[in-house]
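File shown here: entry_32.tsv, holding TSV, C-alpha atoms.
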```tsv
chain	number	residue	atom	x	y	z
A	1	MET	CA	0.00	0.00	0.00
A	2	VAL	CA	1.10	3.55	-0.75
A	3	ALA	CA	1.03	6.16	2.00
A	4	PRO	CA	-1.28	9.18	1.37
A	5	TRP	CA	1.54	11.71	1.57
A	6	THR	CA	3.48	10.01	-1.24
A	7	ARG	CA	0.95	11.38	-3.74
A	8	PHE	CA	2.42	14.86	-3.23
A	9	TYR	CA	5.97	13.67	-3.74
A	10	SER	CA	7.77	15.18	-6.73
A	11	ASN	CA	11.37	15.30	-7.96
A	12	SER	CA	10.97	18.68	-9.65
A	13	CYS	CA	10.51	22.16	-8.23
A	14	CYS	CA	10.36	25.74	-9.46
A	15	LEU	CA	11.97	26.55	-12.84
A	16	CYS	CA	11.72	22.83	-13.73
A	17	CYS	CA	14.91	21.98	-11.86
A	18	HIS	CA	15.46	18.96	-9.64
A	19	VAL	CA	14.61	19.21	-5.95
A	20	ARG	CA	18.24	18.48	-5.13
A	21	THR	CA	19.38	21.43	-7.26
A	22	GLY	CA	16.67	23.62	-5.75
A	23	THR	CA	17.75	22.71	-2.22
A	24	ILE	CA	21.36	23.54	-3.04
A	25	LEU	CA	20.35	26.93	-4.47
A	26	LEU	CA	18.11	27.63	-1.48
A	27	GLY	CA	20.89	26.72	0.96
A	28	VAL	CA	23.37	28.96	-0.86
A	29	TRP	CA	20.85	31.83	-0.88
A	30	TYR	CA	20.24	31.58	2.86
A	31	LEU	CA	23.97	31.23	3.39
A	32	VAL	CA	24.71	34.47	1.52
A	33	ILE	CA	21.97	36.39	3.37
A	34	ASN	CA	23.16	35.27	6.79
A	35	ALA	CA	26.77	35.99	5.86
A	36	VAL	CA	25.81	39.57	4.93
A	37	VAL	CA	23.88	39.93	8.19
A	38	LEU	CA	26.89	38.64	10.11
A	39	LEU	CA	29.18	41.18	8.42
A	40	VAL	CA	26.77	44.01	9.31
A	41	LEU	CA	26.60	42.86	12.93
A	42	LEU	CA	30.38	42.57	13.20
A	43	SER	CA	30.83	46.05	11.74
A	44	ALA	CA	28.24	47.38	14.20
A	45	LEU	CA	30.06	45.66	17.06
A	46	ALA	CA	33.38	47.17	15.95
A	47	ASP	CA	31.89	50.68	15.59
A	48	PRO	CA	28.92	51.02	17.99
A	49	ASP	CA	28.53	54.77	17.42
A	50	GLN	CA	27.56	54.18	13.80
A	51	TYR	CA	24.44	52.20	14.80
A	52	HIS	CA	23.59	54.10	17.98
A	53	PHE	CA	20.41	56.21	17.98
A	54	SER	CA	19.38	58.58	20.69
A	55	SER	CA	16.07	58.42	22.49
A	56	SER	CA	14.84	61.50	20.60
A	57	GLU	CA	15.41	59.73	17.26
A	58	LEU	CA	13.62	56.57	18.36
A	59	GLY	CA	10.92	58.19	20.42
A	60	GLY	CA	11.70	55.99	23.40
A	61	ASP	CA	14.13	55.34	26.22
A	62	PHE	CA	16.12	52.52	24.61
A	63	GLU	CA	19.08	52.06	22.33
A	64	PHE	CA	18.91	50.49	18.88
A	65	MET	CA	20.98	47.52	20.00
A	66	ASP	CA	23.19	47.00	23.03
A	67	ASP	CA	26.19	44.68	23.32
A	68	ALA	CA	24.20	41.77	24.77
A	69	ASN	CA	21.65	41.79	21.96
A	70	MET	CA	24.46	42.20	19.45
A	71	CYS	CA	26.25	39.09	20.73
A	72	ILE	CA	23.01	37.10	20.64
A	73	ALA	CA	22.34	38.20	17.06
A	74	ILE	CA	25.89	37.23	16.03
A	75	ALA	CA	25.50	33.80	17.64
A	76	ILE	CA	22.19	33.26	15.80
A	77	SER	CA	23.79	34.31	12.52
A	78	LEU	CA	26.67	31.87	13.03
A	79	LEU	CA	24.21	29.09	13.83
A	80	MET	CA	22.19	29.87	10.71
A	81	ILE	CA	25.33	29.85	8.56
A	82	LEU	CA	26.20	26.43	9.96
A	83	ILE	CA	22.69	25.08	9.31
A	84	CYS	CA	22.60	26.43	5.75
A	85	ALA	CA	26.08	25.06	5.02
A	86	MET	CA	25.01	21.64	6.31
A	87	ALA	CA	21.92	21.67	4.08
A	88	THR	CA	23.95	22.67	1.02
A	89	TYR	CA	26.59	20.03	1.70
A	90	GLY	CA	23.98	17.37	2.44
A	91	ALA	CA	22.10	18.03	-0.80
A	92	TYR	CA	25.32	18.10	-2.82
A	93	LYS	CA	26.80	14.93	-1.31
A	94	GLN	CA	23.37	13.25	-1.06
A	95	ARG	CA	23.39	12.88	2.72
A	96	ALA	CA	19.84	13.18	3.97
A	97	ALA	CA	20.68	13.58	7.67
A	98	TRP	CA	22.49	16.87	7.01
A	99	ILE	CA	19.28	18.44	5.63
A	100	ILE	CA	17.18	17.82	8.75
A	101	PRO	CA	18.37	20.92	10.75
A	102	PHE	CA	17.54	23.23	7.85
A	103	PHE	CA	14.14	21.57	7.44
A	104	CYS	CA	13.43	22.04	11.17
A	105	TYR	CA	14.38	25.71	10.87
A	106	GLN	CA	11.91	26.09	7.99
A	107	ILE	CA	9.13	24.53	10.07
A	108	PHE	CA	9.94	26.82	13.01
A	109	ASP	CA	9.95	29.91	10.78
A	110	PHE	CA	6.65	28.87	9.19
A	111	ALA	CA	5.10	28.39	12.63
A	112	LEU	CA	6.21	31.87	13.74
A	113	ASN	CA	4.72	33.51	10.64
A	114	THR	CA	1.50	31.56	11.15
A	115	LEU	CA	1.38	32.79	14.75
A	116	VAL	CA	1.77	36.38	13.52
A	117	ALA	CA	-1.12	35.89	11.08
A	118	VAL	CA	-3.32	34.44	13.82
A	119	THR	CA	-2.44	37.35	16.13
A	120	VAL	CA	-3.35	39.89	13.46
A	121	LEU	CA	-6.62	38.08	12.80
A	122	VAL	CA	-7.60	37.76	16.47
A	123	TYR	CA	-6.31	41.15	17.64
A	124	PRO	CA	-6.67	43.55	14.67
A	125	ASN	CA	-6.29	46.61	16.90
A	126	SER	CA	-2.73	45.56	17.76
A	127	ILE	CA	-1.57	46.84	14.36
A	128	GLN	CA	-2.69	50.38	15.09
A	129	GLU	CA	-1.08	50.25	18.52
A	130	TYR	CA	2.19	49.02	17.04
A	131	ILE	CA	2.18	51.81	14.42
A	132	ARG	CA	1.59	54.43	17.12
A	133	GLN	CA	4.70	53.21	18.96
A	134	LEU	CA	6.90	53.81	15.92
A	135	PRO	CA	9.16	56.89	15.88
A	136	PRO	CA	7.53	60.07	14.52
A	137	ASN	CA	10.06	60.26	11.68
A	138	PHE	CA	9.36	56.67	10.55
A	139	PRO	CA	8.74	56.58	6.75
A	140	TYR	CA	5.06	56.62	5.73
A	141	ARG	CA	3.92	56.42	9.35
A	142	ASP	CA	1.17	59.03	8.93
A	143	ASP	CA	0.01	57.52	5.64
A	144	ILE	CA	-0.35	54.08	7.23
A	145	MET	CA	-2.25	55.56	10.17
A	146	SER	CA	-4.72	57.22	7.79
A	147	VAL	CA	-5.68	53.91	6.15
A	148	ASN	CA	-8.91	52.26	7.20
A	149	PRO	CA	-8.14	49.71	9.98
A	150	THR	CA	-10.16	46.96	8.27
A	151	CYS	CA	-8.40	47.50	4.94
A	152	LEU	CA	-5.04	47.60	6.71
A	153	VAL	CA	-5.73	44.25	8.39
A	154	LEU	CA	-6.80	42.69	5.09
A	155	ILE	CA	-3.68	43.97	3.32
A	156	ILE	CA	-1.40	42.63	6.04
A	157	LEU	CA	-3.19	39.27	6.08
A	158	LEU	CA	-2.91	39.03	2.29
A	159	PHE	CA	0.80	39.84	2.47
A	160	ILE	CA	1.39	37.26	5.21
A	161	SER	CA	-0.62	34.66	3.26
A	162	ILE	CA	1.61	35.13	0.22
A	163	ILE	CA	4.69	34.76	2.40
A	164	LEU	CA	3.29	31.61	4.05
A	165	THR	CA	2.45	30.08	0.66
A	166	PHE	CA	5.96	30.72	-0.61
A	167	LYS	CA	7.56	29.38	2.56
A	168	GLY	CA	5.33	26.28	2.43
A	169	TYR	CA	6.45	25.63	-1.13
A	170	LEU	CA	10.11	25.89	-0.10
A	171	ILE	CA	9.44	23.47	2.76
A	172	SER	CA	7.93	20.96	0.33
A	173	CYS	CA	10.96	21.28	-1.96
A	174	VAL	CA	13.39	20.54	0.88
A	175	TRP	CA	11.21	17.68	2.13
A	176	ASN	CA	11.07	16.13	-1.35
A	177	CYS	CA	14.84	16.45	-1.62
A	178	TYR	CA	15.23	14.67	1.72
A	179	ARG	CA	12.92	11.87	0.61
A	180	TYR	CA	14.68	11.57	-2.74
A	181	ILE	CA	18.15	11.27	-1.18
A	182	ASN	CA	16.93	8.98	1.60
A	183	GLY	CA	15.17	6.68	-0.86
A	184	ARG	CA	18.13	6.67	-3.22
A	185	ASN	CA	20.55	5.73	-0.45
A	186	SER	CA	18.31	3.05	1.04
A	187	SER	CA	17.73	1.40	-2.34
A	188	ASP	CA	21.49	1.04	-2.82
A	189	VAL	CA	22.09	-0.73	0.50
A	190	LEU	CA	19.75	-3.73	0.85
A	191	VAL	CA	17.28	-5.54	-1.35
A	192	TYR	CA	14.52	-7.64	0.21
A	193	VAL	CA	12.77	-10.41	-1.68
A	194	THR	CA	9.73	-11.94	0.00
A	195	SER	CA	8.33	-15.27	-1.15
A	196	ASN	CA	5.44	-16.81	0.79
A	197	ASP	CA	6.59	-16.90	4.43
A	198	THR	CA	10.31	-16.69	3.69
A	199	THR	CA	12.27	-13.44	3.55
A	200	VAL	CA	15.65	-13.50	1.81
A	201	LEU	CA	18.18	-10.74	2.49
A	202	LEU	CA	20.28	-10.06	-0.58
A	203	PRO	CA	23.53	-8.04	-0.45
A	204	PRO	CA	24.10	-5.02	-2.69
A	205	CYS	CA	25.09	-5.61	-6.29
A	206	ASP	CA	28.65	-4.43	-5.72
A	207	ASP	CA	29.15	-6.77	-2.79
A	208	ALA	CA	27.64	-9.67	-4.67
A	209	ALA	CA	29.89	-9.05	-7.64
A	210	GLY	CA	32.92	-8.72	-5.40
A	211	ASN	CA	32.18	-11.93	-3.51
A	212	GLY	CA	31.62	-13.85	-6.73
A	213	ALA	CA	34.91	-12.69	-8.15
A	214	ALA	CA	36.76	-13.60	-4.97
A	215	LYS	CA	35.64	-17.25	-5.04
A	216	GLU	CA	38.05	-19.75	-6.58
A	217	PRO	CA	36.87	-21.53	-9.74
A	218	PRO	CA	35.99	-25.24	-9.43
A	219	PRO	CA	38.68	-27.81	-10.27
A	220	PRO	CA	38.83	-28.93	-13.89
A	221	TYR	CA	36.92	-32.06	-14.83
A	222	VAL	CA	39.14	-35.11	-15.37
A	223	SER	CA	37.76	-38.01	-17.34
A	224	ALA	CA	38.24	-41.52	-15.96
```
Represent the structure contained in this file as structure tokens.
Amino acid sequence: MVAPWTRFYSNSCCLCCHVRTGTILLGVWYLVINAVVLLVLLSALADPDQYHFSSSELGGDFEFMDDANMCIAIAISLLMILICAMATYGAYKQRAAWIIPFFCYQIFDFALNTLVAVTVLVYPNSIQEYIRQLPPNFPYRDDIMSVNPTCLVLIILLFISIILTFKGYLISCVWNCYRYINGRNSSDVLVYVTSNDTTVLLPPCDDAAGNGAAKEPPPPYVSA
């Protein structure tokens, strides 16, 4: 019997490329983004005055980012670079276990965006409150405040829905790549042949060929 989720399994993804190629490109893309973020954070840590804003500029009594938050952000960026590098290497070398951390990160990110959408849907007034807390010189702050609250909620929900759809598609691509590599590796290890109540375990083709070549030929036949 075939499992229900296998019906949605596919070896191709966007731009008609293989899921393995798509996973490699996705891992490289995330790797470049997190590397750029890490460089910005390191430059901000080396020159704190460049990224320091006064309370009058922010409209509050807090700094843009202190040293503790900077160190946490750098640690998260390093962890993300490691996860993306593992996914890229795992897809390239066809090692399914290396893709699992990146897949878990995608699920976690999808869950957070879904939680944001649910919060906007349940508490629509929270958007107006958040906009009021922005600095007075924030771009288009007054224009956003003048929009009808119902229309603003619908626009934000539509935007989040598009993001969730795109992220869900990327999750399916990585999952299909994991299944493809896992199935390819498992099919090259063992072959099971079942006949009635007897199960025969056959070795891989390479091992069978090697064992057959290692055996000595039978002695020549000598007539009496």
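The space separating CA of Ile181 in chain A from CA of Tyr169 in chain A comes to 18.5 Å.
With all atoms listed in the file as the atoms that count, the residue of A:Met70, A:Ala96, A:Leu25, A:Ser161 with the shortest distance to Asn113 in chain A is A:Ser161.
Shortest atom-to-atom contact with Tyr30 in chain A among A:Leu78, A:Ala85, A:Ile99, A:Leu157: A:Ala85, counting all atoms listed in the file.
The interatomic distance for the pair CA of Ser172 in chain A and CA of Ala75 in chain A works out to 27.8 Å.
Distance-wise, CA of Thr23 in chain A and CA of Ala111 in chain A end up 20.3 Å apart.
Each of A:Ile144, A:Leu164, A:Ala73, A:Leu154 was checked against Leu115 in chain A using all atoms listed in the file; the smallest atom-to-atom distance is that of A:Leu164.
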